Every structure is written in C-alpha cells, then in structure tokens.
file entry_33.cif (mmCIF, N, CA, C and O atoms)
data_model
loop_
_atom_site.group_PDB
_atom_site.id
_atom_site.type_symbol
_atom_site.label_atom_id
_atom_site.label_comp_id
_atom_site.auth_asym_id
_atom_site.auth_seq_id
_atom_site.Cartn_x
_atom_site.Cartn_y
_atom_site.Cartn_z
ATOM 1 N N MET A 250 6.404 15.590 -9.058
ATOM 2 C CA MET A 250 6.266 14.158 -9.136
ATOM 3 C C MET A 250 4.784 13.811 -9.012
ATOM 4 O O MET A 250 4.126 14.181 -8.060
ATOM 5 N N LEU A 251 4.243 13.096 -9.981
ATOM 6 C CA LEU A 251 2.850 12.675 -9.924
ATOM 7 C C LEU A 251 2.739 11.403 -9.109
ATOM 8 O O LEU A 251 3.508 10.468 -9.291
ATOM 9 N N GLU A 252 1.782 11.368 -8.222
ATOM 10 C CA GLU A 252 1.633 10.228 -7.336
ATOM 11 C C GLU A 252 0.557 9.255 -7.806
ATOM 12 O O GLU A 252 0.508 8.142 -7.338
ATOM 13 N N SER A 253 -0.332 9.654 -8.702
ATOM 14 C CA SER A 253 -1.454 8.798 -9.077
ATOM 15 C C SER A 253 -1.286 8.131 -10.437
ATOM 16 O O SER A 253 -2.255 7.750 -11.060
ATOM 17 N N THR A 254 -0.098 8.009 -10.916
ATOM 18 C CA THR A 254 0.127 7.330 -12.179
ATOM 19 C C THR A 254 -0.036 5.828 -11.972
ATOM 20 O O THR A 254 0.514 5.262 -11.049
ATOM 21 N N SER A 255 -0.818 5.187 -12.826
ATOM 22 C CA SER A 255 -1.086 3.759 -12.719
ATOM 23 C C SER A 255 -0.877 3.085 -14.064
ATOM 24 O O SER A 255 -0.983 3.714 -15.105
ATOM 25 N N LEU A 256 -0.590 1.801 -14.009
ATOM 26 C CA LEU A 256 -0.535 0.997 -15.221
ATOM 27 C C LEU A 256 -1.819 0.189 -15.317
ATOM 28 O O LEU A 256 -2.256 -0.401 -14.335
ATOM 29 N N VAL A 257 -2.413 0.179 -16.498
ATOM 30 C CA VAL A 257 -3.653 -0.560 -16.737
ATOM 31 C C VAL A 257 -3.345 -1.666 -17.736
ATOM 32 O O VAL A 257 -2.801 -1.413 -18.808
ATOM 33 N N PHE A 258 -3.687 -2.893 -17.369
ATOM 34 C CA PHE A 258 -3.448 -4.045 -18.228
ATOM 35 C C PHE A 258 -4.762 -4.782 -18.431
ATOM 36 O O PHE A 258 -5.498 -5.033 -17.485
ATOM 37 N N ALA A 259 -5.070 -5.100 -19.686
ATOM 38 C CA ALA A 259 -6.277 -5.855 -20.011
ATOM 39 C C ALA A 259 -5.911 -6.940 -21.007
ATOM 40 O O ALA A 259 -5.016 -6.757 -21.834
ATOM 41 N N TYR A 260 -6.589 -8.070 -20.893
ATOM 42 C CA TYR A 260 -6.334 -9.150 -21.843
ATOM 43 C C TYR A 260 -7.650 -9.776 -22.265
ATOM 44 O O TYR A 260 -8.667 -9.639 -21.612
ATOM 45 N N GLY A 261 -7.628 -10.432 -23.356
ATOM 46 C CA GLY A 261 -8.795 -11.088 -23.940
ATOM 47 C C GLY A 261 -8.336 -11.678 -25.262
ATOM 48 O O GLY A 261 -7.443 -12.523 -25.295
ATOM 49 N N LEU A 262 -8.863 -11.184 -26.363
ATOM 50 C CA LEU A 262 -8.378 -11.600 -27.670
ATOM 51 C C LEU A 262 -7.031 -10.975 -27.980
ATOM 52 O O LEU A 262 -6.292 -11.451 -28.830
ATOM 53 N N ASP A 263 -6.727 -9.884 -27.290
ATOM 54 C CA ASP A 263 -5.474 -9.164 -27.488
ATOM 55 C C ASP A 263 -4.982 -8.677 -26.127
ATOM 56 O O ASP A 263 -5.697 -8.742 -25.133
ATOM 57 N N LEU A 264 -3.750 -8.196 -26.059
ATOM 58 C CA LEU A 264 -3.199 -7.629 -24.829
ATOM 59 C C LEU A 264 -3.163 -6.117 -24.951
ATOM 60 O O LEU A 264 -2.870 -5.573 -26.014
ATOM 61 N N PHE A 265 -3.455 -5.430 -23.843
ATOM 62 C CA PHE A 265 -3.481 -3.972 -23.834
ATOM 63 C C PHE A 265 -2.813 -3.492 -22.556
ATOM 64 O O PHE A 265 -3.161 -3.924 -21.461
ATOM 65 N N LEU A 266 -1.837 -2.607 -22.681
ATOM 66 C CA LEU A 266 -1.140 -2.029 -21.533
ATOM 67 C C LEU A 266 -0.971 -0.546 -21.778
ATOM 68 O O LEU A 266 -0.480 -0.128 -22.835
ATOM 69 N N THR A 267 -1.392 0.271 -20.824
ATOM 70 C CA THR A 267 -1.235 1.714 -20.953
ATOM 71 C C THR A 267 -1.015 2.333 -19.580
ATOM 72 O O THR A 267 -1.299 1.722 -18.551
ATOM 73 N N ARG A 268 -0.503 3.537 -19.573
ATOM 74 C CA ARG A 268 -0.305 4.289 -18.334
ATOM 75 C C ARG A 268 -1.446 5.283 -18.196
ATOM 76 O O ARG A 268 -1.739 6.028 -19.133
ATOM 77 N N ALA A 269 -2.089 5.295 -17.050
ATOM 78 C CA ALA A 269 -3.199 6.210 -16.787
ATOM 79 C C ALA A 269 -2.742 7.260 -15.786
ATOM 80 O O ALA A 269 -2.236 6.928 -14.709
ATOM 81 N N THR A 270 -2.904 8.514 -16.144
ATOM 82 C CA THR A 270 -2.534 9.624 -15.267
ATOM 83 C C THR A 270 -3.702 10.598 -15.172
ATOM 84 O O THR A 270 -4.505 10.701 -16.093
ATOM 85 N N PRO A 271 -3.817 11.336 -14.069
ATOM 86 C CA PRO A 271 -4.889 12.320 -13.946
ATOM 87 C C PRO A 271 -4.660 13.487 -14.913
ATOM 88 O O PRO A 271 -3.529 13.753 -15.331
ATOM 89 N N ALA A 272 -5.736 14.171 -15.251
ATOM 90 C CA ALA A 272 -5.657 15.272 -16.204
ATOM 91 C C ALA A 272 -5.031 16.519 -15.589
ATOM 92 O O ALA A 272 -4.407 17.313 -16.288
ATOM 93 N N ARG A 273 -5.173 16.698 -14.315
ATOM 94 C CA ARG A 273 -4.645 17.901 -13.655
ATOM 95 C C ARG A 273 -3.540 17.530 -12.678
ATOM 96 O O ARG A 273 -3.259 16.371 -12.439
ATOM 97 N N THR A 274 -2.949 18.540 -12.086
ATOM 98 C CA THR A 274 -1.838 18.316 -11.150
ATOM 99 C C THR A 274 -2.323 18.348 -9.701
ATOM 100 O O THR A 274 -1.600 18.775 -8.815
ATOM 101 N N PHE A 275 -3.550 17.877 -9.433
ATOM 102 C CA PHE A 275 -4.080 17.917 -8.070
ATOM 103 C C PHE A 275 -3.310 17.024 -7.117
ATOM 104 O O PHE A 275 -3.350 17.208 -5.919
ATOM 105 N N ASP A 276 -2.613 16.052 -7.647
ATOM 106 C CA ASP A 276 -1.966 15.078 -6.778
ATOM 107 C C ASP A 276 -0.467 15.298 -6.636
ATOM 108 O O ASP A 276 0.248 14.408 -6.218
ATOM 109 N N MET A 277 0.000 16.470 -6.940
ATOM 110 C CA MET A 277 1.426 16.757 -6.781
ATOM 111 C C MET A 277 1.708 17.127 -5.326
ATOM 112 O O MET A 277 0.985 17.913 -4.726
ATOM 113 N N LEU A 278 2.748 16.521 -4.775
ATOM 114 C CA LEU A 278 3.125 16.813 -3.394
ATOM 115 C C LEU A 278 3.905 18.116 -3.340
ATOM 116 O O LEU A 278 4.768 18.369 -4.186
ATOM 117 N N GLY A 279 3.626 18.895 -2.327
ATOM 118 C CA GLY A 279 4.343 20.142 -2.153
ATOM 119 C C GLY A 279 5.719 19.899 -1.552
ATOM 120 O O GLY A 279 6.049 18.816 -1.070
ATOM 121 N N GLU A 280 6.539 20.917 -1.582
ATOM 122 C CA GLU A 280 7.893 20.812 -1.014
ATOM 123 C C GLU A 280 7.859 20.625 0.492
ATOM 124 O O GLU A 280 8.779 20.062 1.071
ATOM 125 N N ASP A 281 6.771 21.069 1.148
ATOM 126 C CA ASP A 281 6.689 20.971 2.609
ATOM 127 C C ASP A 281 6.030 19.664 3.076
ATOM 128 O O ASP A 281 5.722 19.524 4.255
ATOM 129 N N PHE A 282 5.823 18.710 2.173
ATOM 130 C CA PHE A 282 5.228 17.427 2.555
ATOM 131 C C PHE A 282 6.165 16.681 3.495
ATOM 132 O O PHE A 282 7.351 16.563 3.240
ATOM 133 N N LYS A 283 5.624 16.178 4.585
ATOM 134 C CA LYS A 283 6.426 15.506 5.609
ATOM 135 C C LYS A 283 6.589 14.033 5.255
ATOM 136 O O LYS A 283 5.807 13.185 5.668
ATOM 137 N N LYS A 284 7.631 13.733 4.514
ATOM 138 C CA LYS A 284 7.894 12.364 4.080
ATOM 139 C C LYS A 284 8.290 11.471 5.255
ATOM 140 O O LYS A 284 7.960 10.296 5.283
ATOM 141 N N ILE A 285 8.989 12.037 6.223
ATOM 142 C CA ILE A 285 9.397 11.265 7.398
ATOM 143 C C ILE A 285 8.163 10.832 8.190
ATOM 144 O O ILE A 285 8.108 9.702 8.684
ATOM 145 N N GLY A 286 7.159 11.676 8.291
ATOM 146 C CA GLY A 286 5.926 11.317 8.985
ATOM 147 C C GLY A 286 5.200 10.186 8.290
ATOM 148 O O GLY A 286 4.686 9.269 8.933
ATOM 149 N N LEU A 287 5.152 10.238 6.968
ATOM 150 C CA LEU A 287 4.520 9.166 6.197
ATOM 151 C C LEU A 287 5.286 7.863 6.355
ATOM 152 O O LEU A 287 4.690 6.802 6.545
ATOM 153 N N LEU A 288 6.599 7.935 6.311
ATOM 154 C CA LEU A 288 7.428 6.744 6.502
ATOM 155 C C LEU A 288 7.235 6.173 7.903
ATOM 156 O O LEU A 288 7.135 4.959 8.075
ATOM 157 N N GLY A 289 7.182 7.032 8.902
ATOM 158 C CA GLY A 289 6.976 6.587 10.280
ATOM 159 C C GLY A 289 5.627 5.918 10.477
ATOM 160 O O GLY A 289 5.524 4.880 11.129
ATOM 161 N N ALA A 290 4.584 6.497 9.894
ATOM 162 C CA ALA A 290 3.250 5.906 10.014
ATOM 163 C C ALA A 290 3.184 4.556 9.304
ATOM 164 O O ALA A 290 2.587 3.606 9.814
ATOM 165 N N THR A 291 3.818 4.458 8.146
ATOM 166 C CA THR A 291 3.834 3.193 7.409
ATOM 167 C C THR A 291 4.601 2.128 8.192
ATOM 168 O O THR A 291 4.166 0.974 8.288
ATOM 169 N N ALA A 292 5.734 2.489 8.762
ATOM 170 C CA ALA A 292 6.519 1.550 9.556
ATOM 171 C C ALA A 292 5.747 1.119 10.803
ATOM 172 O O ALA A 292 5.755 -0.066 11.167
ATOM 173 N N ALA A 293 5.055 2.051 11.441
ATOM 174 C CA ALA A 293 4.270 1.711 12.629
ATOM 175 C C ALA A 293 3.144 0.742 12.285
ATOM 176 O O ALA A 293 2.876 -0.207 13.032
ATOM 177 N N MET A 294 2.501 0.929 11.144
ATOM 178 C CA MET A 294 1.439 0.018 10.725
ATOM 179 C C MET A 294 2.002 -1.368 10.395
ATOM 180 O O MET A 294 1.370 -2.380 10.697
ATOM 181 N N ALA A 295 3.179 -1.416 9.797
ATOM 182 C CA ALA A 295 3.805 -2.707 9.490
ATOM 183 C C ALA A 295 4.153 -3.448 10.775
ATOM 184 O O ALA A 295 3.899 -4.653 10.901
ATOM 185 N N VAL A 296 4.702 -2.745 11.749
ATOM 186 C CA VAL A 296 5.041 -3.362 13.036
ATOM 187 C C VAL A 296 3.773 -3.829 13.745
ATOM 188 O O VAL A 296 3.727 -4.946 14.287
ATOM 189 N N ALA A 297 2.725 -3.017 13.720
ATOM 190 C CA ALA A 297 1.464 -3.400 14.363
ATOM 191 C C ALA A 297 0.866 -4.639 13.701
ATOM 192 O O ALA A 297 0.312 -5.506 14.386
ATOM 193 N N THR A 298 1.004 -4.749 12.386
ATOM 194 C CA THR A 298 0.486 -5.923 11.676
ATOM 195 C C THR A 298 1.237 -7.180 12.085
ATOM 196 O O THR A 298 0.628 -8.223 12.357
ATOM 197 N N VAL A 299 2.554 -7.103 12.149
ATOM 198 C CA VAL A 299 3.363 -8.263 12.525
ATOM 199 C C VAL A 299 3.093 -8.663 13.974
ATOM 200 O O VAL A 299 2.896 -9.843 14.280
ATOM 201 N N VAL A 300 3.045 -7.694 14.867
ATOM 202 C CA VAL A 300 2.817 -7.979 16.288
ATOM 203 C C VAL A 300 1.425 -8.567 16.500
ATOM 204 O O VAL A 300 1.268 -9.540 17.252
ATOM 205 N N SER A 301 0.405 -8.012 15.847
ATOM 206 C CA SER A 301 -0.941 -8.548 16.035
ATOM 207 C C SER A 301 -1.064 -9.959 15.450
ATOM 208 O O SER A 301 -1.764 -10.796 16.008
ATOM 209 N N GLY A 302 -0.378 -10.239 14.348
ATOM 210 C CA GLY A 302 -0.368 -11.596 13.797
ATOM 211 C C GLY A 302 0.268 -12.580 14.760
ATOM 212 O O GLY A 302 -0.224 -13.702 14.952
ATOM 213 N N TRP A 303 1.372 -12.178 15.364
ATOM 214 C CA TRP A 303 2.044 -13.023 16.349
ATOM 215 C C TRP A 303 1.136 -13.265 17.559
ATOM 216 O O TRP A 303 1.023 -14.383 18.060
ATOM 217 N N TYR A 304 0.466 -12.215 18.012
ATOM 218 C CA TYR A 304 -0.420 -12.321 19.168
ATOM 219 C C TYR A 304 -1.594 -13.267 18.884
ATOM 220 O O TYR A 304 -1.949 -14.102 19.721
ATOM 221 N N VAL A 305 -2.189 -13.142 17.705
ATOM 222 C CA VAL A 305 -3.320 -14.004 17.347
ATOM 223 C C VAL A 305 -2.869 -15.462 17.247
ATOM 224 O O VAL A 305 -3.565 -16.371 17.726
ATOM 225 N N ALA A 306 -1.713 -15.707 16.636
ATOM 226 C CA ALA A 306 -1.208 -17.079 16.518
ATOM 227 C C ALA A 306 -0.953 -17.675 17.900
ATOM 228 O O ALA A 306 -1.280 -18.843 18.156
ATOM 229 N N ARG A 307 -0.387 -16.882 18.800
ATOM 230 C CA ARG A 307 -0.141 -17.354 20.162
ATOM 231 C C ARG A 307 -1.440 -17.650 20.897
ATOM 232 O O ARG A 307 -1.570 -18.663 21.594
ATOM 233 N N LYS A 308 -2.434 -16.785 20.706
ATOM 234 C CA LYS A 308 -3.720 -16.975 21.370
ATOM 235 C C LYS A 308 -4.442 -18.210 20.823
ATOM 236 O O LYS A 308 -5.061 -18.967 21.593
ATOM 237 N N GLU A 309 -4.376 -18.450 19.506
ATOM 238 C CA GLU A 309 -4.997 -19.640 18.920
ATOM 239 C C GLU A 309 -4.329 -20.908 19.403
ATOM 240 O O GLU A 309 -4.992 -21.910 19.657
ATOM 241 N N LEU A 310 -3.008 -20.886 19.565
ATOM 242 C CA LEU A 310 -2.288 -22.059 20.070
ATOM 243 C C LEU A 310 -2.686 -22.340 21.516
ATOM 244 O O LEU A 310 -2.909 -23.484 21.894
ATOM 245 N N ALA A 311 -2.797 -21.288 22.313
ATOM 246 C CA ALA A 311 -3.213 -21.455 23.706
ATOM 247 C C ALA A 311 -4.638 -21.997 23.788
ATOM 248 O O ALA A 311 -4.944 -22.831 24.644
ATOM 249 N N ALA A 312 -5.510 -21.543 22.889
ATOM 250 C CA ALA A 312 -6.888 -22.021 22.900
ATOM 251 C C ALA A 312 -6.949 -23.481 22.465
ATOM 252 O O ALA A 312 -7.798 -24.249 22.938
ATOM 253 N N ALA A 313 -6.071 -23.903 21.568
ATOM 254 C CA ALA A 313 -6.053 -25.294 21.124
ATOM 255 C C ALA A 313 -5.599 -26.213 22.246
ATOM 256 O O ALA A 313 -6.035 -27.364 22.318
ATOM 257 N N TRP A 314 -4.732 -25.732 23.116
ATOM 258 C CA TRP A 314 -4.247 -26.546 24.230
ATOM 259 C C TRP A 314 -5.199 -26.533 25.411
ATOM 260 O O TRP A 314 -5.059 -27.351 26.328
ATOM 261 N N ALA A 315 -6.152 -25.622 25.417
ATOM 262 C CA ALA A 315 -7.071 -25.518 26.563
ATOM 263 C C ALA A 315 -8.230 -26.470 26.472
ATOM 264 O O ALA A 315 -8.529 -27.119 25.570
#

call {"tool": "encode", "arguments": {"input": "entry_33.cif", "output": "structure tokens"}}
result
Amino acid sequence: MLESTSLVFAYGLDLFLTRATPARTFDMLGEDFKKIGLLGATAAMAVATVVSGWYVARKELAAAWA
C-alpha cells in the first residue's frame, strides 16, 4: 500500500486533475508496522487538542470576569 499518493488539482483557463505518486517504493509500510500505536498517538493528540481548547476557553472566560 502506497502512503504518499496525492491528488493534484490546478485551475486557470482549464481544469487539471492528476494523481501524483513517488517513483520508488520507499514509502511502503512493512508488515511489522504498529498500526495500533499510530492510532493511539493520533487519538491522544485529538484528546489533547479538545482538552486544551476547553481549558483555554475556560481561562479566557475567567479572565473576562476578573
């Protein structure tokens, strides 16, 4: 499975859409890749983002009342 495949879209006088992929297989994940670890790290970052947003909003409200 290639991980670096991207879609490129350009517009101007005409529309252009193409798929861009690397020339070599440097970005292929091995069978021993820890997908659960990646999922856990992504979930932890999402939770940290939500919690820090809540904390900042609470702190700004407290500062407005002070």

call {"tool": "residues_around", "arguments": {"input": "entry_33.cif", "residues": "Leu256 of chain A", "least_positions_apart": "4", "cutoff": "8 Å", "atoms": "all atoms listed in the file", "output": "list of chain:residue names"}}
result
A:Phe265, A:Leu266, A:Thr267, A:Arg268, A:Ala269, A:Thr270

call {"tool": "select_by_dssp", "arguments": {"input": "entry_33.cif", "residues": "chain A", "states": "alpha helix (DSSP H)", "output": "number ranges by chain"}}
result
A: 284-314

call {"tool": "atom_distance", "arguments": {"input": "entry_33.cif", "atom1": "atom O of Pro271 of chain A", "atom2": "atom O of Val257 of chain A"}}
result
15.6 Å

call {"tool": "atom_distance", "arguments": {"input": "entry_33.cif", "atom1": "atom C of Ala313 of chain A", "atom2": "atom C of Val296 of chain A"}}
result
25.7 Å

call {"tool": "atom_distance", "arguments": {"input": "entry_33.cif", "atom1": "atom CA of Asp281 of chain A", "atom2": "atom CA of Ala297 of chain A"}}
result
27.6 Å

call {"tool": "build_atoms", "arguments": {"input": "entry_33.cif", "residues": "segment 276-287 of chain A", "atoms": "all heavy atoms", "output": "mmCIF file, in the coordinates of the input"}}
result
data_model
loop_
_atom_site.group_PDB
_atom_site.id
_atom_site.type_symbol
_atom_site.label_atom_id
_atom_site.label_comp_id
_atom_site.auth_asym_id
_atom_site.auth_seq_id
_atom_site.Cartn_x
_atom_site.Cartn_y
_atom_site.Cartn_z
ATOM 1 N N ASP A 276 -2.613 16.052 -7.647
ATOM 2 C CA ASP A 276 -1.966 15.078 -6.778
ATOM 3 C C ASP A 276 -0.467 15.298 -6.636
ATOM 4 O O ASP A 276 0.248 14.408 -6.218
ATOM 5 C CB ASP A 276 -2.241 13.671 -7.278
ATOM 6 C CG ASP A 276 -1.629 13.433 -8.645
ATOM 7 O OD1 ASP A 276 -1.338 14.406 -9.337
ATOM 8 O OD2 ASP A 276 -1.444 12.266 -8.989
ATOM 9 N N MET A 277 0.000 16.470 -6.940
ATOM 10 C CA MET A 277 1.426 16.757 -6.781
ATOM 11 C C MET A 277 1.708 17.127 -5.326
ATOM 12 O O MET A 277 0.985 17.913 -4.726
ATOM 13 C CB MET A 277 1.859 17.882 -7.712
ATOM 14 C CG MET A 277 1.813 17.464 -9.163
ATOM 15 S SD MET A 277 2.431 18.705 -10.269
ATOM 16 C CE MET A 277 4.159 18.618 -9.907
ATOM 17 N N LEU A 278 2.748 16.521 -4.775
ATOM 18 C CA LEU A 278 3.125 16.813 -3.394
ATOM 19 C C LEU A 278 3.905 18.116 -3.340
ATOM 20 O O LEU A 278 4.768 18.369 -4.186
ATOM 21 C CB LEU A 278 3.986 15.676 -2.842
ATOM 22 C CG LEU A 278 3.304 14.324 -2.740
ATOM 23 C CD1 LEU A 278 4.293 13.273 -2.282
ATOM 24 C CD2 LEU A 278 2.119 14.386 -1.817
ATOM 25 N N GLY A 279 3.626 18.895 -2.327
ATOM 26 C CA GLY A 279 4.343 20.142 -2.153
ATOM 27 C C GLY A 279 5.719 19.899 -1.552
ATOM 28 O O GLY A 279 6.049 18.816 -1.070
ATOM 29 N N GLU A 280 6.539 20.917 -1.582
ATOM 30 C CA GLU A 280 7.893 20.812 -1.014
ATOM 31 C C GLU A 280 7.859 20.625 0.492
ATOM 32 O O GLU A 280 8.779 20.062 1.071
ATOM 33 C CB GLU A 280 8.703 22.065 -1.358
ATOM 34 C CG GLU A 280 9.019 22.198 -2.834
ATOM 35 C CD GLU A 280 9.917 21.080 -3.322
ATOM 36 O OE1 GLU A 280 10.822 20.676 -2.573
ATOM 37 O OE2 GLU A 280 9.695 20.614 -4.449
ATOM 38 N N ASP A 281 6.771 21.069 1.148
ATOM 39 C CA ASP A 281 6.689 20.971 2.609
ATOM 40 C C ASP A 281 6.030 19.664 3.076
ATOM 41 O O ASP A 281 5.722 19.524 4.255
ATOM 42 C CB ASP A 281 5.925 22.163 3.173
ATOM 43 C CG ASP A 281 4.511 22.265 2.631
ATOM 44 O OD1 ASP A 281 4.220 21.630 1.601
ATOM 45 O OD2 ASP A 281 3.703 22.990 3.235
ATOM 46 N N PHE A 282 5.823 18.710 2.173
ATOM 47 C CA PHE A 282 5.228 17.427 2.555
ATOM 48 C C PHE A 282 6.165 16.681 3.495
ATOM 49 O O PHE A 282 7.351 16.563 3.240
ATOM 50 C CB PHE A 282 4.950 16.581 1.308
ATOM 51 C CG PHE A 282 4.309 15.263 1.623
ATOM 52 C CD1 PHE A 282 2.973 15.206 1.960
ATOM 53 C CD2 PHE A 282 5.046 14.094 1.593
ATOM 54 C CE1 PHE A 282 2.373 14.000 2.255
ATOM 55 C CE2 PHE A 282 4.458 12.883 1.883
ATOM 56 C CZ PHE A 282 3.121 12.834 2.220
ATOM 57 N N LYS A 283 5.624 16.178 4.585
ATOM 58 C CA LYS A 283 6.426 15.506 5.609
ATOM 59 C C LYS A 283 6.589 14.033 5.255
ATOM 60 O O LYS A 283 5.807 13.185 5.668
ATOM 61 C CB LYS A 283 5.784 15.691 6.968
ATOM 62 C CG LYS A 283 5.778 17.137 7.425
ATOM 63 C CD LYS A 283 5.061 17.273 8.746
ATOM 64 C CE LYS A 283 5.086 18.676 9.257
ATOM 65 N NZ LYS A 283 4.631 19.681 8.348
ATOM 66 N N LYS A 284 7.631 13.733 4.514
ATOM 67 C CA LYS A 284 7.894 12.364 4.080
ATOM 68 C C LYS A 284 8.290 11.471 5.255
ATOM 69 O O LYS A 284 7.960 10.296 5.283
ATOM 70 C CB LYS A 284 8.983 12.343 3.013
ATOM 71 C CG LYS A 284 8.553 13.013 1.733
ATOM 72 C CD LYS A 284 9.664 13.057 0.726
ATOM 73 C CE LYS A 284 9.217 13.850 -0.486
ATOM 74 N NZ LYS A 284 10.295 14.149 -1.395
ATOM 75 N N ILE A 285 8.989 12.037 6.223
ATOM 76 C CA ILE A 285 9.397 11.265 7.398
ATOM 77 C C ILE A 285 8.163 10.832 8.190
ATOM 78 O O ILE A 285 8.108 9.702 8.684
ATOM 79 C CB ILE A 285 10.354 12.101 8.292
ATOM 80 C CG1 ILE A 285 11.622 12.454 7.523
ATOM 81 C CG2 ILE A 285 10.679 11.369 9.576
ATOM 82 C CD1 ILE A 285 12.450 11.246 7.124
ATOM 83 N N GLY A 286 7.159 11.676 8.291
ATOM 84 C CA GLY A 286 5.926 11.317 8.985
ATOM 85 C C GLY A 286 5.200 10.186 8.290
ATOM 86 O O GLY A 286 4.686 9.269 8.933
ATOM 87 N N LEU A 287 5.152 10.238 6.968
ATOM 88 C CA LEU A 287 4.520 9.166 6.197
ATOM 89 C C LEU A 287 5.286 7.863 6.355
ATOM 90 O O LEU A 287 4.690 6.802 6.545
ATOM 91 C CB LEU A 287 4.444 9.558 4.723
ATOM 92 C CG LEU A 287 3.845 8.517 3.778
ATOM 93 C CD1 LEU A 287 2.397 8.230 4.154
ATOM 94 C CD2 LEU A 287 3.951 8.988 2.345
#
